[in-house]
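Just upload32.csv here, CSV, C-alpha atoms:
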chain,number,residue,atom,x,y,z
A,605,MET,CA,-18.3,-79.7,-60.9
A,606,PRO,CA,-16.4,-77.4,-63.2
A,607,ALA,CA,-12.6,-77.0,-62.6
A,608,ARG,CA,-11.6,-73.9,-60.7
A,609,VAL,CA,-9.2,-71.5,-62.4
A,610,PRO,CA,-6.3,-70.6,-60.0
A,611,SER,CA,-6.0,-67.0,-58.9
A,612,TRP,CA,-2.6,-66.6,-60.4
A,613,ALA,CA,-4.0,-67.3,-63.8
A,614,TRP,CA,-6.7,-64.6,-63.4
A,615,VAL,CA,-4.0,-62.1,-62.2
A,616,SER,CA,-1.8,-63.0,-65.2
A,617,GLY,CA,-4.6,-62.7,-67.6
A,618,LEU,CA,-5.7,-59.3,-66.3
A,619,THR,CA,-2.1,-58.0,-66.4
A,620,VAL,CA,-1.7,-59.1,-70.0
A,621,ALA,CA,-5.0,-57.4,-70.9
A,622,ALA,CA,-4.0,-54.2,-69.1
A,623,VAL,CA,-0.6,-54.0,-70.8
A,624,ALA,CA,-2.3,-54.6,-74.2
A,625,ALA,CA,-4.8,-51.8,-73.5
A,626,VAL,CA,-2.1,-49.3,-72.5
A,627,THR,CA,-0.1,-50.2,-75.6
A,628,VAL,CA,-3.0,-49.6,-77.9
A,629,LEU,CA,-3.8,-46.3,-76.2
A,630,GLY,CA,-0.2,-45.2,-76.4
A,631,VAL,CA,0.0,-45.9,-80.1
A,632,LYS,CA,-3.3,-44.0,-80.7
A,633,ALA,CA,-2.0,-41.0,-78.6
A,634,ASP,CA,1.3,-41.0,-80.6
A,635,GLN,CA,-0.7,-40.7,-83.8
A,636,GLY,CA,-2.8,-37.8,-82.7
A,637,PRO,CA,-2.0,-34.1,-82.6
A,638,HIS,CA,0.9,-32.9,-80.5
A,639,PRO,CA,0.7,-29.7,-78.6
A,640,THR,CA,3.2,-26.9,-79.3
A,641,ALA,CA,4.2,-24.1,-77.0
A,642,ALA,CA,3.9,-20.5,-78.3
A,643,VAL,CA,6.9,-18.3,-77.7
A,644,SER,CA,6.0,-15.0,-76.2
A,645,LYS,CA,7.7,-12.4,-74.1
A,646,PRO,CA,6.4,-12.4,-70.5
A,647,ARG,CA,4.4,-9.3,-69.5
A,648,PRO,CA,5.0,-7.8,-66.1
A,649,SER,CA,2.2,-8.5,-63.7
A,650,ALA,CA,1.2,-6.8,-60.5
A,651,THR,CA,2.7,-9.8,-58.6
A,652,ALA,CA,6.0,-9.5,-60.5
A,653,GLU,CA,6.2,-5.8,-59.9
A,654,ALA,CA,5.6,-6.3,-56.2
A,655,SER,CA,8.3,-8.9,-55.9
A,656,SER,CA,11.5,-7.9,-54.2
A,657,LYS,CA,13.5,-9.4,-57.1
A,658,PRO,CA,13.7,-7.0,-60.0
A,659,ARG,CA,12.7,-8.5,-63.4
A,660,GLU,CA,14.8,-7.4,-66.3
A,661,THR,CA,14.7,-8.1,-70.0
A,662,GLU,CA,18.3,-7.1,-70.6
A,663,PRO,CA,20.8,-7.0,-67.7
A,664,PRO,CA,23.3,-4.2,-67.6
A,665,ALA,CA,26.6,-4.6,-69.4
A,666,VAL,CA,29.6,-5.9,-67.5
A,667,PRO,CA,31.3,-2.8,-66.0
A,668,ASP,CA,34.3,-1.3,-67.8
A,669,GLY,CA,37.6,-1.9,-66.0
A,670,SER,CA,36.5,-5.3,-64.6
A,671,GLY,CA,39.3,-7.2,-66.3
A,672,ALA,CA,39.3,-10.0,-68.8
A,673,GLY,CA,38.8,-13.7,-68.9
A,674,ARG,CA,36.8,-16.0,-66.8
A,675,ARG,CA,35.7,-14.2,-63.6
A,676,ILE,CA,33.0,-13.1,-61.2
A,677,VAL,CA,32.4,-9.4,-61.3
A,678,TYR,CA,30.8,-7.7,-58.3
A,679,SER,CA,29.7,-4.1,-58.6
A,680,LEU,CA,29.4,-2.3,-55.2
A,681,GLY,CA,27.3,0.6,-56.6
A,682,GLN,CA,25.0,-1.5,-58.7
A,683,LYS,CA,24.7,-4.3,-56.1
A,684,ARG,CA,25.0,-6.7,-58.9
A,685,VAL,CA,27.1,-9.8,-59.9
A,686,TRP,CA,28.1,-11.1,-63.4
A,687,LEU,CA,29.5,-14.5,-64.1
A,688,VAL,CA,31.8,-14.0,-67.1
A,689,ASP,CA,33.2,-16.9,-69.2
A,690,ALA,CA,36.7,-17.2,-70.6
A,691,SER,CA,35.7,-15.5,-73.8
A,692,ASP,CA,34.5,-12.4,-71.9
A,693,VAL,CA,30.8,-13.2,-72.4
A,694,PRO,CA,28.6,-12.6,-69.4
A,695,ARG,CA,26.7,-15.9,-68.8
A,696,ARG,CA,24.5,-14.7,-65.9
A,697,SER,CA,23.9,-11.4,-64.1
A,698,PHE,CA,21.8,-10.8,-61.0
A,699,ALA,CA,21.1,-8.3,-58.2
A,700,VAL,CA,22.4,-9.0,-54.7
A,701,TRP,CA,21.9,-7.8,-51.1
A,702,PRO,CA,25.3,-6.7,-49.7
A,703,GLY,CA,26.4,-7.0,-46.1
A,704,THR,CA,27.5,-4.1,-44.0
A,705,VAL,CA,31.2,-4.7,-44.8
A,706,SER,CA,32.2,-4.4,-48.4
A,707,PRO,CA,35.5,-5.4,-49.9
A,708,ALA,CA,37.7,-2.7,-51.4
A,709,PRO,CA,37.7,-2.6,-55.3
A,710,GLY,CA,40.3,-4.9,-56.7
A,711,ASP,CA,41.0,-8.5,-57.7
A,712,TYR,CA,40.5,-11.4,-55.4
A,713,THR,CA,40.3,-15.2,-55.7
A,714,ILE,CA,38.0,-17.6,-54.2
A,715,GLY,CA,39.9,-19.2,-51.3
A,716,ALA,CA,37.3,-21.4,-49.6
A,717,ARG,CA,33.8,-22.8,-50.1
A,718,ARG,CA,31.4,-24.2,-47.7
A,719,ASP,CA,28.2,-26.2,-48.4
A,720,SER,CA,26.1,-24.7,-45.6
A,721,THR,CA,26.2,-23.0,-42.2
A,722,THR,CA,24.3,-20.5,-40.2
A,723,GLY,CA,24.8,-16.8,-41.2
A,724,SER,CA,25.7,-14.1,-38.8
A,725,ASP,CA,22.0,-13.0,-39.0
A,726,GLY,CA,21.0,-16.5,-37.7
A,727,VAL,CA,19.6,-17.6,-41.0
A,728,PRO,CA,20.6,-21.0,-42.4
A,729,ILE,CA,22.6,-20.4,-45.6
A,730,GLU,CA,24.2,-22.5,-48.3
A,731,HIS,CA,26.6,-22.2,-51.3
A,732,ILE,CA,29.1,-20.0,-49.3
A,733,VAL,CA,31.9,-18.8,-51.5
A,734,TYR,CA,34.6,-16.8,-49.6
A,735,PHE,CA,36.8,-14.4,-51.5
A,736,ALA,CA,37.9,-11.5,-49.3
A,737,LEU,CA,38.8,-10.4,-45.7
A,738,GLU,CA,37.9,-6.8,-45.0
A,739,ASP,CA,38.2,-5.1,-41.6
A,740,GLY,CA,38.6,-8.6,-39.9
A,741,VAL,CA,35.3,-9.8,-41.5
A,742,SER,CA,35.2,-12.6,-44.1
A,743,VAL,CA,33.3,-11.5,-47.3
A,744,ALA,CA,31.4,-14.3,-49.1
A,745,PHE,CA,28.6,-14.9,-51.5
A,746,SER,CA,25.8,-17.1,-50.2
A,747,ASN,CA,22.0,-17.7,-50.4
A,748,ALA,CA,19.5,-18.5,-47.7
A,749,LEU,CA,18.5,-22.1,-47.6
A,750,ASP,CA,14.8,-21.2,-47.7
A,751,GLY,CA,15.4,-18.6,-50.5
A,752,SER,CA,14.5,-15.6,-48.3
A,753,SER,CA,16.0,-12.1,-48.5
A,754,PRO,CA,18.2,-11.2,-45.5
A,755,PRO,CA,16.7,-9.4,-42.5
A,756,PRO,CA,18.0,-5.9,-41.8
A,757,PRO,CA,21.3,-6.1,-39.9
A,758,ALA,CA,21.3,-5.4,-36.2
A,759,GLU,CA,22.5,-1.9,-35.3
A,760,GLY,CA,26.3,-1.8,-35.6
A,761,ALA,CA,26.6,-5.4,-36.9
A,762,LYS,CA,29.5,-6.2,-39.2
A,763,THR,CA,28.3,-8.6,-41.8
A,764,GLY,CA,30.3,-9.7,-44.9
A,765,GLY,CA,27.7,-11.9,-46.4
A,766,ILE,CA,26.6,-10.9,-49.9
A,767,ARG,CA,23.2,-12.6,-50.1
A,768,LEU,CA,21.9,-14.0,-53.4
A,769,HIS,CA,18.6,-15.4,-54.6
A,770,LYS,CA,18.6,-19.2,-54.3
A,771,PRO,CA,18.9,-20.0,-58.1
A,772,ASP,CA,21.7,-17.4,-58.4
A,773,GLY,CA,23.5,-18.9,-55.4
A,774,ALA,CA,23.4,-22.3,-57.0
A,775,ALA,CA,24.7,-20.8,-60.3
A,776,LEU,CA,27.5,-18.9,-58.6
A,777,TRP,CA,28.4,-22.1,-56.5
A,778,THR,CA,28.8,-24.1,-59.8
A,779,PHE,CA,30.7,-21.3,-61.6
A,780,GLY,CA,32.9,-20.1,-58.6
A,781,THR,CA,35.3,-23.0,-57.9
A,782,LYS,CA,38.3,-22.5,-55.6
A,783,GLY,CA,40.8,-20.2,-57.3
A,784,THR,CA,38.2,-18.4,-59.5
A,785,LYS,CA,39.0,-14.7,-59.9
A,786,VAL,CA,36.6,-12.2,-58.3
A,787,THR,CA,36.8,-8.6,-59.5
A,788,VAL,CA,35.2,-6.0,-57.3
A,789,VAL,CA,34.4,-2.6,-58.9
A,790,ARG,CA,32.8,0.6,-57.6

For the file at hand, write its structure as structure tokens.
Amino acid sequence: MPARVPSWAWVSGLTVAAVAAVTVLGVKADQGPHPTAAVSKPRPSATAEASSKPRETEPPAVPDGSGAGRRIVYSLGQKRVWLVDASDVPRRSFAVWPGTVSPAPGDYTIGARRDSTTGSDGVPIEHIVYFALEDGVSVAFSNALDGSSPPPPAEGAKTGGIRLHKPDGAALWTFGTKGTKVTVVR
């Protein structure tokens, strides 16, 4: 009767063979052609045009009279925010949905931040960055946890939340640490 090979020997042998095969295939793949990505400007599509978020190739310039140095600029009329670095270069700009209560034009500083809560509209929000108090209402930037746009406010509601798209909320949260200057312009 021939000697029986133990199962651990079979498993070890198959494992060594599989590793060798993967190594050979990896070397062959590395020697083959490598794909490259073509750089092209995106074309607007019907889907993009129907989106509630405007697509822009070049954001508007930072408003005149918005100060100097590292700051967040919020334009009431344009419903837009700029994140401006210490050398006065705008690093990001995006459209926002303002609440029903707006801060007066002027300079503010971020006084408090909160990871998440429920907004006055009942929507779970995150990246809340408080910078003003107007008419007894706290004014803050935030984004919906699910990335949605805010529902229309209830009749007569006083809301100070300035809602952002989710990626913009994350960027403002990273940029807008406590004490960061916020300049509000018309």

Which residues are close to Pro728 of chain A, i.e. within 8 Å by all atoms listed in the file, leaving aside same-chain residues fewer than 3 positions away? Reply as a list in words. Ser720, Thr721, Thr722, Gly723, Ala748, Leu749 and Asp750 of chain A

Can you write out as a Markdown table which residues of segment 663-719 of chain A fall within 6 Å of segment 759-782 of chain A, alongside each residue's closest atom pair and its distance in Å to one decimal, counting all atoms listed in the file and ordering rows by chain and ascending residue number?
| residue | atom | partner | partner_atom | distance |
| --- | --- | --- | --- | --- |
| A:Val700 | CA | A:Leu768 | CA | 5.2 |
| A:Trp701 | CA | A:Arg767 | CA | 5.1 |
| A:Pro702 | CA | A:Ile766 | CA | 4.4 |
| A:Gly703 | CA | A:Gly764 | CA | 4.9 |
| A:Thr704 | CA | A:Thr763 | CA | 5.1 |
| A:Val705 | CA | A:Gly764 | CA | 5.1 |
| A:Ile714 | CA | A:Lys782 | CA | 5.1 |
| A:Gly715 | CA | A:Lys782 | CA | 5.7 |

Please write the residues from the selection above to a file, keeping C-alpha atoms, as a PDB file, in the coordinates of the input.
ATOM      1  CA  VAL A 700      22.400  -9.000 -54.700  1.00  0.00           C
ATOM      2  CA  TRP A 701      21.900  -7.800 -51.100  1.00  0.00           C
ATOM      3  CA  PRO A 702      25.300  -6.700 -49.700  1.00  0.00           C
ATOM      4  CA  GLY A 703      26.400  -7.000 -46.100  1.00  0.00           C
ATOM      5  CA  THR A 704      27.500  -4.100 -44.000  1.00  0.00           C
ATOM      6  CA  VAL A 705      31.200  -4.700 -44.800  1.00  0.00           C
ATOM      7  CA  ILE A 714      38.000 -17.600 -54.200  1.00  0.00           C
ATOM      8  CA  GLY A 715      39.900 -19.200 -51.300  1.00  0.00           C
TER       9      GLY A 715
END

Write out as a PyMOL selection string which residues come within 8 Å of Asp725 of chain A when counting all atoms listed in the file, dropping same-chain ones fewer than 3 positions away. chain A and resi 722+754-755+757

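Between atom CA of Gly710 of chain A and atom CA of His731 of chain A the interatomic distance comes to 22.7 Å.
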
Report, in Å with one decimal, the straight-line distance from atom CA of Val693 of chain A to atom CA of Ala716 of chain A. 25.1 Å

Counting all atoms listed in the file, figure out which residue out of A:Arg684, A:Arg674, A:Lys785, A:Arg696 gets nearest to Tyr734 of chain A. A:Lys785

With all atoms of segment 765-783 of chain A from the file as input, state the centre and edge lengths in Å to one decimal of the axis-aligned box that has 4 Å extra on each side, as JSON.
{"center_x": 29.7, "center_y": -17.5, "center_z": -54.0, "size_x": 30.2, "size_y": 21.2, "size_z": 23.2}

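If only C-alpha atoms are the atoms counted, then among A:Arg608, A:Ser697, A:Arg717, A:Glu738 the closest residue to Glu662 of chain A is A:Ser697.
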
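Nearest residue to Leu680 of chain A among A:Ala736, A:Ala708, A:Val743, A:Val666 is A:Ala708, counting all atoms listed in the file.
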
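For the pair atom CA of Gly740 of chain A and atom CA of Asp711 of chain A, the separation is 18.0 Å.
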
Which residues come within 8 Å of Asp689 of chain A, counting all atoms listed in the file, excluding same-chain residues fewer than 6 positions away, as a PyMOL selection string? chain A and resi 673-675+695

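Counting only C-alpha atoms, Gly671 of chain A has the following residues at most 12 Å away, ignoring those fewer than 5 positions along the same chain: Val666, Ile676, Val677, Tyr678, Val688, Asp689, Ala690, Ser691, Asp692, Gly710, Asp711, Tyr712, Lys785, Val786, Thr787, Val788 and Val789 of chain A.
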